[in-house]
Amino acid sequence: MPTANSDNSKKRLILFCGMLLLGAVLMMVYSCLTGNTNQKFTDVVMEYTAIEGSNKSAERSLFYIFGIVGALLYTVVFLLKKWGATADATEFKANKYVWVALAVSLITNYFFYQKANWLVLAAIFISLIMTKKNEKLMIPAVSFLFISAYSICGIYRIYALLGIAGTISVKTISVIAFIITLVLALVGKDGKAYAKAVLVAQLFVPFTLLVFLMNTYQTVDKAYSQIRIPSRIKYLVILIIVAFLVEAIIRLVKGWKSTFTLEEVLGLGTCVSIMNFNRFSGTGSIADLSLHHAFENVIGYSQIFELGQKPFEDYIPVSGMYSIVHGFFLAFFGHGRASYYNLTANLFYLSIIFVIVFLLRRQLKAEWVLFISLLFVVTDYNRITLIVPTILLLVWPKLIENKNMWLKAWFLTSLVHGLYYPVLVQQCV
């Protein structure tokens, strides 16, 4: 029989997922209805407002509509809890969410790429098998399937770093992970087998971070060229990998004889490595084609710390100080060179991912953290990077219990985000 506290946590998660899905659907519907309509002006405009000619007023209104509706919904939920609404003791079926997630992922991938995702197909087959064999082990089996797939990617990155030529396809990775998981499904009798399998598999997942050290490229004439990676980045990436590996080894040693669930064995480094590997973009050390947009993301640091201009006096940022944080990574780790922009940008986003996973791990069960690590992507648009960490901090139940500390956190995050990118600070406020 679930307790009232556990049921409230499940309801809170259901409400969050429901609002996320409903918001995504309504956003698409609203955009379709208003995006192609004419922009309405209340004053004389002597220039182009948007090259696409889209209705920006409607897009701006969407923020206020969602903000008001979301605030009202959360107010209702808060009042129901405050007035002592009793918790429903119905059983929570997490497997249903796994089925929905796999189905949506498969359909979405086919819609955009006109082909099925082999890893998702493997997960669906494993889910079908475990539903017939032991439904309680469905989530551990699917979780291990995905972790083993990324551990294979980690092993491949080791081979690639050693200079061994060759590629490996998603299909091959999926088939290997499927076979290993299938053997466990047929042999394993309880969750302990999957816990031990995860303990071993996640030893190799941190090696996916070796993608940062990728320095060999094939040119147009099929020749291979090596480009230097800054020593600071090499040492930092190796240090992170070692730290994640030590965490995985400690969990393996402590939990080999006594662990039974994913909650006890899943490491922070595993989820960080997975989320980072999914979002890694650009190249290791090749200059971006659009230097204008690249420098726009780092100009604040250059103007203030390299040229000595005073903020808000000599240098007035157009959209906030977001370029100072991003620019620091380029200046310190990439020596300010444009050829290292993509590499240092990925390092910047890795730091954001670490904070996100850390806060998620403090609030959700391991299965949900792994699920979010697989699906959530930190985009290359650096203006919005602080939104998710800020919101996760402010909705942290333990922080909310300490009202004084939460108020300080709210004030500081609002101030920091207001300086970072004022356009989105209202989401924190």
# chains A, B, ... in the order shown; residues from 1 in each chain; ligands from 1
$ select_by_dssp --residues "segment 52-266 of chain A" --states "strand (DSSP E or B)" --output "PyMOL selection string"
chain A and resi 216-218+224-226
$ write_last_selection --atoms "C-alpha atoms" --output "mmCIF file, in the first residue's frame"
data_model
loop_
_atom_site.group_PDB
_atom_site.id
_atom_site.type_symbol
_atom_site.label_atom_id
_atom_site.label_comp_id
_atom_site.auth_asym_id
_atom_site.auth_seq_id
_atom_site.Cartn_x
_atom_site.Cartn_y
_atom_site.Cartn_z
ATOM 1 C CA THR A 216 41.568 13.436 -36.311
ATOM 2 C CA TYR A 217 39.497 14.419 -39.328
ATOM 3 C CA GLN A 218 39.145 13.074 -42.829
ATOM 4 C CA TYR A 224 43.578 12.213 -42.383
ATOM 5 C CA SER A 225 44.582 15.369 -40.556
ATOM 6 C CA GLN A 226 45.262 15.839 -36.848
#
$ select_by_dssp --residues "segment 303-356 of chain A" --states "alpha helix (DSSP H)" --output "list in words"
Tyr322, Ser323, Ile324, Val325, His326, Gly327, Phe328, Phe329, Leu330, Ala331, Phe332, Phe333, Tyr341, Asn342, Leu343, Thr344, Ala345, Asn346, Leu347, Phe348, Tyr349, Leu350, Ser351, Ile352, Ile353, Phe354, Val355 and Ile356 of chain A
$ closest_residue --among "A:Lys133, A:Tyr97, A:Leu412, A:Trp118" --to "Ser169 of chain A" --atoms "only C-alpha atoms"
A:Trp118
$ residues_around --residues "Val237 of chain A" --least-positions-apart "2" --cutoff "9 Å" --atoms "only C-alpha atoms" --output "JSON, numbers by chain"
{"A": [209, 210, 212, 213, 232, 233, 234, 235, 239, 240, 241, 242, 347]}
$ atom_distance --atom1 "atom CA of Leu360 of chain A" --atom2 "atom CA of Gly191 of chain A"
23.2 Å
$ closest_atom_pairs --of "segment 111-179 of chain A" --to "segment 256-280 of chain A" --cutoff "12 Å" --atoms "only C-alpha atoms" --output "JSON lines"
{"residue": "A:Lys136", "atom": "CA", "partner": "A:Thr261", "partner_atom": "CA", "distance": 11.4}
{"residue": "A:Leu137", "atom": "CA", "partner": "A:Thr261", "partner_atom": "CA", "distance": 10.0}
{"residue": "A:Ile139", "atom": "CA", "partner": "A:Leu262", "partner_atom": "CA", "distance": 9.2}
{"residue": "A:Pro140", "atom": "CA", "partner": "A:Leu262", "partner_atom": "CA", "distance": 6.8}
{"residue": "A:Ala141", "atom": "CA", "partner": "A:Leu262", "partner_atom": "CA", "distance": 10.1}
{"residue": "A:Val142", "atom": "CA", "partner": "A:Leu262", "partner_atom": "CA", "distance": 11.2}
{"residue": "A:Ser143", "atom": "CA", "partner": "A:Leu262", "partner_atom": "CA", "distance": 8.3}
{"residue": "A:Phe144", "atom": "CA", "partner": "A:Leu262", "partner_atom": "CA", "distance": 9.1}
{"residue": "A:Phe146", "atom": "CA", "partner": "A:Ile274", "partner_atom": "CA", "distance": 9.5}
{"residue": "A:Ile147", "atom": "CA", "partner": "A:Thr270", "partner_atom": "CA", "distance": 8.1}
{"residue": "A:Ser148", "atom": "CA", "partner": "A:Thr270", "partner_atom": "CA", "distance": 10.8}
{"residue": "A:Ala149", "atom": "CA", "partner": "A:Ile274", "partner_atom": "CA", "distance": 10.1}
{"residue": "A:Tyr150", "atom": "CA", "partner": "A:Ile274", "partner_atom": "CA", "distance": 6.9}
{"residue": "A:Ser151", "atom": "CA", "partner": "A:Thr270", "partner_atom": "CA", "distance": 9.3}
{"residue": "A:Ile152", "atom": "CA", "partner": "A:Ile274", "partner_atom": "CA", "distance": 11.8}
{"residue": "A:Cys153", "atom": "CA", "partner": "A:Phe277", "partner_atom": "CA", "distance": 9.3}
{"residue": "A:Gly154", "atom": "CA", "partner": "A:Ser273", "partner_atom": "CA", "distance": 9.5}
{"residue": "A:Arg157", "atom": "CA", "partner": "A:Phe277", "partner_atom": "CA", "distance": 11.0}
$ residues_around --residues "Ile356 of chain A" --least-positions-apart "2" --cutoff "12 Å" --atoms "only C-alpha atoms" --output "mmCIF file with C-alpha atoms, in the first residue's frame"
data_model
loop_
_atom_site.group_PDB
_atom_site.id
_atom_site.type_symbol
_atom_site.label_atom_id
_atom_site.label_comp_id
_atom_site.auth_asym_id
_atom_site.auth_seq_id
_atom_site.Cartn_x
_atom_site.Cartn_y
_atom_site.Cartn_z
ATOM 1 C CA LEU A 268 25.637 10.698 -11.407
ATOM 2 C CA CYS A 271 23.499 10.315 -16.517
ATOM 3 C CA VAL A 272 25.783 13.327 -17.125
ATOM 4 C CA MET A 275 23.021 13.654 -21.666
ATOM 5 C CA ASN A 276 26.305 15.207 -22.817
ATOM 6 C CA TYR A 349 27.095 23.019 -21.783
ATOM 7 C CA LEU A 350 28.667 20.062 -19.964
ATOM 8 C CA SER A 351 28.877 22.210 -16.827
ATOM 9 C CA ILE A 352 25.184 23.095 -17.186
ATOM 10 C CA ILE A 353 24.284 19.417 -17.666
ATOM 11 C CA PHE A 354 26.160 18.506 -14.484
ATOM 12 C CA PHE A 358 22.690 16.847 -9.827
ATOM 13 C CA LEU A 359 19.405 18.610 -9.041
ATOM 14 C CA LEU A 360 17.321 15.942 -10.777
ATOM 15 C CA ARG A 361 19.037 13.195 -8.800
ATOM 16 C CA ARG A 362 18.064 14.958 -5.565
ATOM 17 C CA GLN A 363 14.375 15.090 -6.504
ATOM 18 C CA LEU A 364 13.452 12.083 -8.644
ATOM 19 C CA VAL A 369 16.580 10.723 -14.024
ATOM 20 C CA ILE A 372 15.194 12.501 -18.683
ATOM 21 C CA SER A 373 18.905 12.094 -19.458
ATOM 22 C CA PHE A 376 16.230 15.995 -22.625
ATOM 23 C CA VAL A 377 18.581 18.000 -24.843
ATOM 24 C CA VAL A 378 20.451 21.121 -23.755
ATOM 25 C CA THR A 385 20.783 27.482 -20.413
ATOM 26 C CA LEU A 386 20.111 28.759 -16.885
ATOM 27 C CA ILE A 387 16.324 28.333 -17.030
ATOM 28 C CA VAL A 388 16.208 24.604 -16.262
ATOM 29 C CA PRO A 389 18.830 24.651 -13.453
ATOM 30 C CA THR A 390 17.080 27.653 -11.887
ATOM 31 C CA ILE A 391 13.617 26.072 -12.002
ATOM 32 C CA LEU A 392 14.933 22.738 -10.688
ATOM 33 C CA LEU A 393 16.534 24.557 -7.767
ATOM 34 C CA TRP A 396 13.403 21.352 -4.890
#
$ residues_around --residues "Ile126 of chain A" --least-positions-apart "3" --cutoff "10 Å" --atoms "only C-alpha atoms" --output "PyMOL selection string"
chain A and resi 120-123+129-131+138-139+141-142+145+178-179+181-182+185
$ atom_distance --atom1 "atom CA of Lys171 of chain A" --atom2 "atom CA of Leu119 of chain A"
7.2 Å
$ atom_distance --atom1 "atom CA of Leu72 of chain A" --atom2 "atom CA of Leu15 of chain A"
13.2 Å
$ closest_residue --among "A:Ile164, A:Leu415, A:Leu203, A:Leu128" --to "Val253 of chain A" --atoms "only C-alpha atoms"
A:Leu203
